Amino acid sequence: MNKPTNELKFSLKNDYIFKKIFAKEENNSKLKDFLEAILNIEIKKVEVKNPEIPKNMLDEKLAILDIRAEINEDTMIDIEMQVANQYNISERSTIYTAKMISSDVKVGEEYKDMKKTISINILNFNYFKTNTYHNIAHMKFEKVKKEEYVDMGYEEEQEIVTEKVEMHFIELPKFVQKDSGTKSKLEQWLWVMVGKGDKMEKAGKENKEVEKTIDELNTMNLSEEERIMYEEREKAIINYNFGMASAERHGREEGLKEGIEKGQRKGKMEGRKEGIEKKKSDMIKNMLLLKIDDDTIKKVAEITDSELESYKKKFNMIEKEKLDK
């Protein structure tokens with residue numbers, strides 16, 4: 001079945017395709033235009049530092065395919081396309097940024113000579129409780145406490161600790177909800193990320209680099225190995241998202257059912273409390289069955305290491321009882 005004329009053949013939201021497009025040396029002008037759109041600066045030179053696709057990617061179903069680049073010879077960039085919400089983007093981005101900083105600073109060098117480090121995260125899910133689709137984060141000072149105030153004569157106080165560290169988070173669902181136009185470079189590129197619609201076509205007409213990217217995505221021919229890579233990434237992401245949704249939905253349904261039954265026997269308040277506990281227990285049980293990693297389970301269920309171990313023991317006991325019967 002052919003794709004509609006205003007829908008891309010291959011999606012930039014697939015991180016394998018994302019890296020295949022932007023990490024190629026011959027596509028340097030596309031990456032440059034894309035980064036200028038996000039950072040709102042002029043870029044004279046961009047060099048991708050990790051253009052290769054890892055050989056073990058099929059074994060690591062949700063491994064991160066990032067693009068690490070240097071711009072203008074004084075700034076390091078890490079770009080990620082994220083379509084599976086693993087509930088850890090804030091922490092992971094912080095760790096990646098810290099690793100870039102530590103790998104850039106060489107022994108014996110002056111700290112003041114360190115390059116600026118920027119992480120860019122394109123998210124196909126809403127994550128932050130903010131009213132913008134493009135969040136930019138810096139290390140900032142907190143508000144001055146009254147008892148710690150010292151009159152130094154500064155009419156305008158410094159807000160940012162250092163300009164050397166910066167993180168960008170772009171949430172595509174918020175962008176789609178805003179239903180932006182195509183006037184800015186960022187809007188033009190994000191409509192290509194969305195991957196369909198009249199505004200994507202319009203963006204191509206207004207930006208030559210966007211137009212070339214659309215053409216490449218629609219005419220790209222993948223080898224058998226590349227197609228397997230592409231399809232496996234799609235499958236892994238779909239399975240992960242489906243598994244998370246199923247675990248949460250099943251937990252809600254079981255918790256509600258149990259809560260109603262308990263409520264009828266013991267009173268509404270007590271039943272509601274036990275129902276919530278049952279919901280959490282069932283959700284954790286389903287996530288364990290789906291072999292979802294411990295960090296994600298703790299984040300979603302809001303539990304500690306020791307609590308997770310208790311749930312694991314409880315779950316194993318239940319399964320053993322079933323086998324004994």
# chains A, B, ... in the order shown; residues from 1 in each chain; ligands from 1
>>> residues_around(residues="region 218-222 of chain A", least_positions_apart="4", cutoff="6 Å", atoms="only C-alpha atoms", output="list in words")
Leu8, Lys9, Glu226 and Arg227 of chain A
>>> closest_atom_pairs(of="region 7-70 of chain A", to="region 195-212 of chain A", cutoff="7 Å", atoms="only C-alpha atoms", output="Markdown table")
| residue | atom | partner | partner_atom | distance |
| --- | --- | --- | --- | --- |
| A:Glu7 | CA | A:Lys196 | CA | 4.2 |
| A:Leu8 | CA | A:Gly195 | CA | 5.6 |
| A:Ser11 | CA | A:Gly195 | CA | 6.2 |
| A:Lys30 | CA | A:Glu209 | CA | 5.4 |
| A:Asp33 | CA | A:Glu209 | CA | 6.9 |
>>> select_by_dssp(residues="region 31-109 of chain A", states="helix (DSSP H, G or I)", output="list of chain:residue names")
A:Leu31, A:Lys32, A:Asp33, A:Phe34, A:Leu35, A:Glu36, A:Ala37, A:Ile38, A:Leu39, A:Ile89, A:Ser90, A:Glu91, A:Arg92, A:Ser93, A:Thr94, A:Ile95, A:Tyr96, A:Thr97, A:Ala98, A:Lys99, A:Met100, A:Ile101, A:Ser102, A:Ser103, A:Asp104
>>> write_last_selection(atoms="N, CA and C atoms", output="PDB file, in the first residue's frame")
ATOM      1  N   LEU A  31      22.308  18.929   8.437  1.00  0.00           N
ATOM      2  CA  LEU A  31      22.542  18.940   9.881  1.00  0.00           C
ATOM      3  C   LEU A  31      22.810  20.363  10.365  1.00  0.00           C
ATOM      4  N   LYS A  32      23.590  21.113   9.614  1.00  0.00           N
ATOM      5  CA  LYS A  32      23.898  22.501   9.966  1.00  0.00           C
ATOM      6  C   LYS A  32      22.616  23.325  10.058  1.00  0.00           C
ATOM      7  N   ASP A  33      21.732  23.209   9.064  1.00  0.00           N
ATOM      8  CA  ASP A  33      20.482  23.969   9.049  1.00  0.00           C
ATOM      9  C   ASP A  33      19.582  23.545  10.201  1.00  0.00           C
ATOM     10  N   PHE A  34      19.540  22.248  10.479  1.00  0.00           N
ATOM     11  CA  PHE A  34      18.722  21.699  11.563  1.00  0.00           C
ATOM     12  C   PHE A  34      19.184  22.238  12.920  1.00  0.00           C
ATOM     13  N   LEU A  35      20.499  22.251  13.145  1.00  0.00           N
ATOM     14  CA  LEU A  35      21.040  22.741  14.411  1.00  0.00           C
ATOM     15  C   LEU A  35      20.859  24.252  14.558  1.00  0.00           C
ATOM     16  N   GLU A  36      21.010  24.973  13.456  1.00  0.00           N
ATOM     17  CA  GLU A  36      20.762  26.425  13.497  1.00  0.00           C
ATOM     18  C   GLU A  36      19.317  26.706  13.897  1.00  0.00           C
ATOM     19  N   ALA A  37      18.405  25.857  13.444  1.00  0.00           N
ATOM     20  CA  ALA A  37      16.988  26.036  13.766  1.00  0.00           C
ATOM     21  C   ALA A  37      16.739  25.882  15.260  1.00  0.00           C
ATOM     22  N   ILE A  38      17.389  24.910  15.881  1.00  0.00           N
ATOM     23  CA  ILE A  38      17.177  24.637  17.306  1.00  0.00           C
ATOM     24  C   ILE A  38      17.919  25.631  18.189  1.00  0.00           C
ATOM     25  N   LEU A  39      19.169  25.900  17.849  1.00  0.00           N
ATOM     26  CA  LEU A  39      20.027  26.723  18.707  1.00  0.00           C
ATOM     27  C   LEU A  39      19.903  28.214  18.433  1.00  0.00           C
ATOM     28  N   ILE A  89      14.460  10.708  30.980  1.00  0.00           N
ATOM     29  CA  ILE A  89      15.136  11.592  30.028  1.00  0.00           C
ATOM     30  C   ILE A  89      15.919  12.697  30.736  1.00  0.00           C
ATOM     31  N   SER A  90      15.397  13.225  31.848  1.00  0.00           N
ATOM     32  CA  SER A  90      16.109  14.290  32.575  1.00  0.00           C
ATOM     33  C   SER A  90      17.441  13.784  33.097  1.00  0.00           C
ATOM     34  N   GLU A  91      17.393  12.623  33.751  1.00  0.00           N
ATOM     35  CA  GLU A  91      18.607  12.064  34.346  1.00  0.00           C
ATOM     36  C   GLU A  91      19.593  11.624  33.265  1.00  0.00           C
ATOM     37  N   ARG A  92      19.088  10.950  32.226  1.00  0.00           N
ATOM     38  CA  ARG A  92      19.987  10.446  31.200  1.00  0.00           C
ATOM     39  C   ARG A  92      20.672  11.585  30.457  1.00  0.00           C
ATOM     40  N   SER A  93      19.916  12.635  30.146  1.00  0.00           N
ATOM     41  CA  SER A  93      20.498  13.768  29.445  1.00  0.00           C
ATOM     42  C   SER A  93      21.572  14.437  30.298  1.00  0.00           C
ATOM     43  N   THR A  94      21.333  14.503  31.594  1.00  0.00           N
ATOM     44  CA  THR A  94      22.322  15.084  32.510  1.00  0.00           C
ATOM     45  C   THR A  94      23.604  14.258  32.512  1.00  0.00           C
ATOM     46  N   ILE A  95      23.449  12.923  32.554  1.00  0.00           N
ATOM     47  CA  ILE A  95      24.615  12.033  32.565  1.00  0.00           C
ATOM     48  C   ILE A  95      25.389  12.137  31.245  1.00  0.00           C
ATOM     49  N   TYR A  96      24.673  12.136  30.113  1.00  0.00           N
ATOM     50  CA  TYR A  96      25.330  12.253  28.810  1.00  0.00           C
ATOM     51  C   TYR A  96      26.102  13.563  28.709  1.00  0.00           C
ATOM     52  N   THR A  97      25.489  14.635  29.194  1.00  0.00           N
ATOM     53  CA  THR A  97      26.142  15.942  29.153  1.00  0.00           C
ATOM     54  C   THR A  97      27.411  15.936  30.002  1.00  0.00           C
ATOM     55  N   ALA A  98      27.309  15.345  31.198  1.00  0.00           N
ATOM     56  CA  ALA A  98      28.471  15.265  32.095  1.00  0.00           C
ATOM     57  C   ALA A  98      29.595  14.441  31.463  1.00  0.00           C
ATOM     58  N   LYS A  99      29.234  13.345  30.784  1.00  0.00           N
ATOM     59  CA  LYS A  99      30.246  12.507  30.127  1.00  0.00           C
ATOM     60  C   LYS A  99      30.951  13.272  29.007  1.00  0.00           C
ATOM     61  N   MET A 100      30.185  14.062  28.250  1.00  0.00           N
ATOM     62  CA  MET A 100      30.795  14.855  27.183  1.00  0.00           C
ATOM     63  C   MET A 100      31.782  15.859  27.746  1.00  0.00           C
ATOM     64  N   ILE A 101      31.399  16.477  28.862  1.00  0.00           N
ATOM     65  CA  ILE A 101      32.278  17.478  29.486  1.00  0.00           C
ATOM     66  C   ILE A 101      33.574  16.811  29.960  1.00  0.00           C
ATOM     67  N   SER A 102      33.432  15.682  30.672  1.00  0.00           N
ATOM     68  CA  SER A 102      34.617  15.015  31.221  1.00  0.00           C
ATOM     69  C   SER A 102      35.539  14.480  30.130  1.00  0.00           C
ATOM     70  N   SER A 103      34.954  14.012  29.011  1.00  0.00           N
ATOM     71  CA  SER A 103      35.792  13.488  27.929  1.00  0.00           C
ATOM     72  C   SER A 103      36.482  14.601  27.149  1.00  0.00           C
ATOM     73  N   ASP A 104      35.923  15.814  27.227  1.00  0.00           N
ATOM     74  CA  ASP A 104      36.506  16.940  26.482  1.00  0.00           C
ATOM     75  C   ASP A 104      37.677  17.580  27.223  1.00  0.00           C
TER      76      ASP A 104
END
>>> residues_around(residues="Asn50 (chain A)", least_positions_apart="3", cutoff="9 Å", atoms="only C-alpha atoms", output="number ranges by chain")
A: 23, 53, 66-69
>>> write_last_selection(atoms="C-alpha atoms", output="mmCIF file, in the first residue's frame")
data_model
loop_
_atom_site.group_PDB
_atom_site.id
_atom_site.type_symbol
_atom_site.label_atom_id
_atom_site.label_comp_id
_atom_site.auth_asym_id
_atom_site.auth_seq_id
_atom_site.Cartn_x
_atom_site.Cartn_y
_atom_site.Cartn_z
ATOM 1 C CA ALA A 23 25.321 11.724 10.364
ATOM 2 C CA ILE A 53 25.934 2.770 13.246
ATOM 3 C CA ASP A 66 22.824 9.534 19.286
ATOM 4 C CA ILE A 67 24.728 11.936 17.038
ATOM 5 C CA ARG A 68 27.748 13.588 18.594
ATOM 6 C CA ALA A 69 29.060 16.609 16.714
#
>>> residues_around(residues="region 132-138 of chain A", least_positions_apart="5", cutoff="10 Å", atoms="only C-alpha atoms", output="PyMOL selection string")
chain A and resi 38-39+118-123+126-127+159-178+186
>>> select_by_dssp(residues="region 38-234 of chain A", states="strand (DSSP E or B)", output="number ranges by chain")
A: 46-48, 66-71, 75-82, 116-123, 134-137, 140, 160, 165-171, 196
>>> write_last_selection(atoms="N, CA and C atoms", output="mmCIF file, in the first residue's frame")
data_model
loop_
_atom_site.group_PDB
_atom_site.id
_atom_site.type_symbol
_atom_site.label_atom_id
_atom_site.label_comp_id
_atom_site.auth_asym_id
_atom_site.auth_seq_id
_atom_site.Cartn_x
_atom_site.Cartn_y
_atom_site.Cartn_z
ATOM 1 N N VAL A 46 30.290 22.285 11.026
ATOM 2 C CA VAL A 46 29.805 21.196 11.876
ATOM 3 C C VAL A 46 30.480 19.898 11.447
ATOM 4 N N GLU A 47 30.946 19.136 12.431
ATOM 5 C CA GLU A 47 31.629 17.872 12.152
ATOM 6 C C GLU A 47 31.060 16.776 13.052
ATOM 7 N N VAL A 48 30.518 15.716 12.439
ATOM 8 C CA VAL A 48 29.978 14.584 13.194
ATOM 9 C C VAL A 48 31.134 13.719 13.688
ATOM 10 N N ASP A 66 22.665 8.086 19.231
ATOM 11 C CA ASP A 66 22.824 9.534 19.286
ATOM 12 C C ASP A 66 23.777 10.003 18.192
ATOM 13 N N ILE A 67 23.773 11.306 17.946
ATOM 14 C CA ILE A 67 24.728 11.936 17.038
ATOM 15 C C ILE A 67 25.554 12.912 17.860
ATOM 16 N N ARG A 68 26.852 12.687 17.864
ATOM 17 C CA ARG A 68 27.748 13.588 18.594
ATOM 18 C C ARG A 68 28.515 14.418 17.569
ATOM 19 N N ALA A 69 28.448 15.725 17.716
ATOM 20 C CA ALA A 69 29.060 16.609 16.714
ATOM 21 C C ALA A 69 29.747 17.790 17.388
ATOM 22 N N GLU A 70 30.648 18.420 16.629
ATOM 23 C CA GLU A 70 31.310 19.642 17.084
ATOM 24 C C GLU A 70 30.931 20.756 16.122
ATOM 25 N N ILE A 71 30.531 21.907 16.674
ATOM 26 C CA ILE A 71 30.185 23.046 15.823
ATOM 27 C C ILE A 71 31.125 24.208 16.114
ATOM 28 N N THR A 75 32.187 24.063 20.382
ATOM 29 C CA THR A 75 30.985 23.566 21.055
ATOM 30 C C THR A 75 30.729 22.107 20.694
ATOM 31 N N MET A 76 30.511 21.281 21.718
ATOM 32 C CA MET A 76 30.179 19.874 21.514
ATOM 33 C C MET A 76 28.665 19.685 21.646
ATOM 34 N N ILE A 77 28.102 18.881 20.736
ATOM 35 C CA ILE A 77 26.651 18.669 20.696
ATOM 36 C C ILE A 77 26.353 17.176 20.767
ATOM 37 N N ASP A 78 25.333 16.806 21.524
ATOM 38 C CA ASP A 78 24.817 15.440 21.492
ATOM 39 C C ASP A 78 23.324 15.519 21.170
ATOM 40 N N ILE A 79 22.889 14.824 20.095
ATOM 41 C CA ILE A 79 21.495 14.887 19.634
ATOM 42 C C ILE A 79 20.878 13.499 19.710
ATOM 43 N N GLU A 80 19.690 13.424 20.313
ATOM 44 C CA GLU A 80 18.969 12.156 20.424
ATOM 45 C C GLU A 80 17.544 12.307 19.912
ATOM 46 N N MET A 81 17.072 11.290 19.206
ATOM 47 C CA MET A 81 15.669 11.192 18.816
ATOM 48 C C MET A 81 15.044 10.130 19.710
ATOM 49 N N GLN A 82 14.098 10.535 20.562
ATOM 50 C CA GLN A 82 13.513 9.617 21.539
ATOM 51 C C GLN A 82 12.014 9.409 21.276
ATOM 52 N N LYS A 116 31.970 24.524 25.084
ATOM 53 C CA LYS A 116 30.575 24.512 25.495
ATOM 54 C C LYS A 116 29.977 23.158 25.147
ATOM 55 N N THR A 117 29.077 22.662 25.987
ATOM 56 C CA THR A 117 28.449 21.360 25.779
ATOM 57 C C THR A 117 26.933 21.525 25.742
ATOM 58 N N ILE A 118 26.327 21.012 24.669
ATOM 59 C CA ILE A 118 24.870 21.131 24.490
ATOM 60 C C ILE A 118 24.288 19.760 24.191
ATOM 61 N N SER A 119 23.234 19.392 24.907
ATOM 62 C CA SER A 119 22.498 18.167 24.572
ATOM 63 C C SER A 119 21.136 18.564 24.010
ATOM 64 N N ILE A 120 20.737 17.880 22.935
ATOM 65 C CA ILE A 120 19.457 18.155 22.273
ATOM 66 C C ILE A 120 18.646 16.865 22.260
ATOM 67 N N ASN A 121 17.448 16.914 22.809
ATOM 68 C CA ASN A 121 16.590 15.742 22.905
ATOM 69 C C ASN A 121 15.267 16.008 22.191
ATOM 70 N N ILE A 122 15.007 15.252 21.118
ATOM 71 C CA ILE A 122 13.733 15.353 20.394
ATOM 72 C C ILE A 122 12.842 14.238 20.926
ATOM 73 N N LEU A 123 11.734 14.586 21.580
ATOM 74 C CA LEU A 123 10.875 13.606 22.247
ATOM 75 C C LEU A 123 9.550 13.444 21.513
ATOM 76 N N HIS A 134 9.461 23.649 23.439
ATOM 77 C CA HIS A 134 10.924 23.736 23.371
ATOM 78 C C HIS A 134 11.457 24.279 24.693
ATOM 79 N N ASN A 135 11.902 23.374 25.565
ATOM 80 C CA ASN A 135 12.475 23.764 26.849
ATOM 81 C C ASN A 135 13.992 23.848 26.743
ATOM 82 N N ILE A 136 14.557 24.945 27.243
ATOM 83 C CA ILE A 136 16.011 25.141 27.249
ATOM 84 C C ILE A 136 16.452 25.279 28.705
ATOM 85 N N ALA A 137 17.388 24.423 29.115
ATOM 86 C CA ALA A 137 17.800 24.394 30.522
ATOM 87 C C ALA A 137 19.265 24.784 30.679
ATOM 88 N N LYS A 140 21.227 27.312 36.893
ATOM 89 C CA LYS A 140 20.836 28.649 37.358
ATOM 90 C C LYS A 140 20.941 28.774 38.869
ATOM 91 N N ILE A 160 22.658 32.849 35.471
ATOM 92 C CA ILE A 160 23.183 31.561 35.025
ATOM 93 C C ILE A 160 24.578 31.330 35.587
ATOM 94 N N VAL A 165 27.170 24.975 29.691
ATOM 95 C CA VAL A 165 26.306 23.785 29.722
ATOM 96 C C VAL A 165 24.877 24.188 29.360
ATOM 97 N N GLU A 166 24.281 23.434 28.438
ATOM 98 C CA GLU A 166 22.939 23.780 27.951
ATOM 99 C C GLU A 166 22.217 22.501 27.512
ATOM 100 N N MET A 167 20.938 22.370 27.835
ATOM 101 C CA MET A 167 20.145 21.211 27.428
ATOM 102 C C MET A 167 18.850 21.671 26.757
ATOM 103 N N HIS A 168 18.522 21.033 25.648
ATOM 104 C CA HIS A 168 17.293 21.340 24.914
ATOM 105 C C HIS A 168 16.387 20.107 24.893
ATOM 106 N N PHE A 169 15.096 20.322 25.142
ATOM 107 C CA PHE A 169 14.106 19.254 25.087
ATOM 108 C C PHE A 169 12.935 19.729 24.215
ATOM 109 N N ILE A 170 12.715 19.050 23.098
ATOM 110 C CA ILE A 170 11.633 19.413 22.183
ATOM 111 C C ILE A 170 10.588 18.309 22.202
ATOM 112 N N GLU A 171 9.369 18.643 22.631
ATOM 113 C CA GLU A 171 8.280 17.667 22.751
ATOM 114 C C GLU A 171 7.344 17.799 21.550
ATOM 115 N N LYS A 196 4.133 14.202 8.286
ATOM 116 C CA LYS A 196 2.970 14.153 7.403
ATOM 117 C C LYS A 196 2.224 15.482 7.477
#
>>> closest_atom_pairs(of="region 57-136 of chain A", to="region 300-319 of chain A", cutoff="12 Å", atoms="only C-alpha atoms", output="tab-separated table")
residue	atom	partner	partner_atom	distance
A:Asn85	CA	A:Val300	CA	10.6
A:Gln86	CA	A:Val300	CA	9.0
A:Tyr87	CA	A:Val300	CA	7.1
A:Asn88	CA	A:Val300	CA	9.9
>>> write_last_selection(atoms="C-alpha atoms", output="compact mmCIF listing (two decimals), in the first residue's frame")
# COMPACT_ATOMS: atom_id res chain seq x y z
CA ASN A 85 9.31 7.19 27.08
CA GLN A 86 11.56 5.39 29.55
CA TYR A 87 10.78 7.97 32.27
CA ASN A 88 14.42 8.96 32.69
>>> atom_distance(atom1="CA of Asn14 (chain A)", atom2="CA of Thr130 (chain A)")
25.2 Å
>>> closest_residue(among="A:Met152, A:Leu12, A:Ile43, A:Leu289", to="Glu234 (chain A)", atoms="only C-alpha atoms")
A:Leu12
>>> closest_residue(among="A:Glu156, A:Ala84, A:Val105, A:Lys13", to="Trp189 (chain A)", atoms="only C-alpha atoms")
A:Lys13
>>> atom_distance(atom1="CA of Phe141 (chain A)", atom2="CA of Lys299 (chain A)")
27.2 Å
>>> atom_distance(atom1="CA of Met229 (chain A)", atom2="CA of Glu187 (chain A)")
29.0 Å
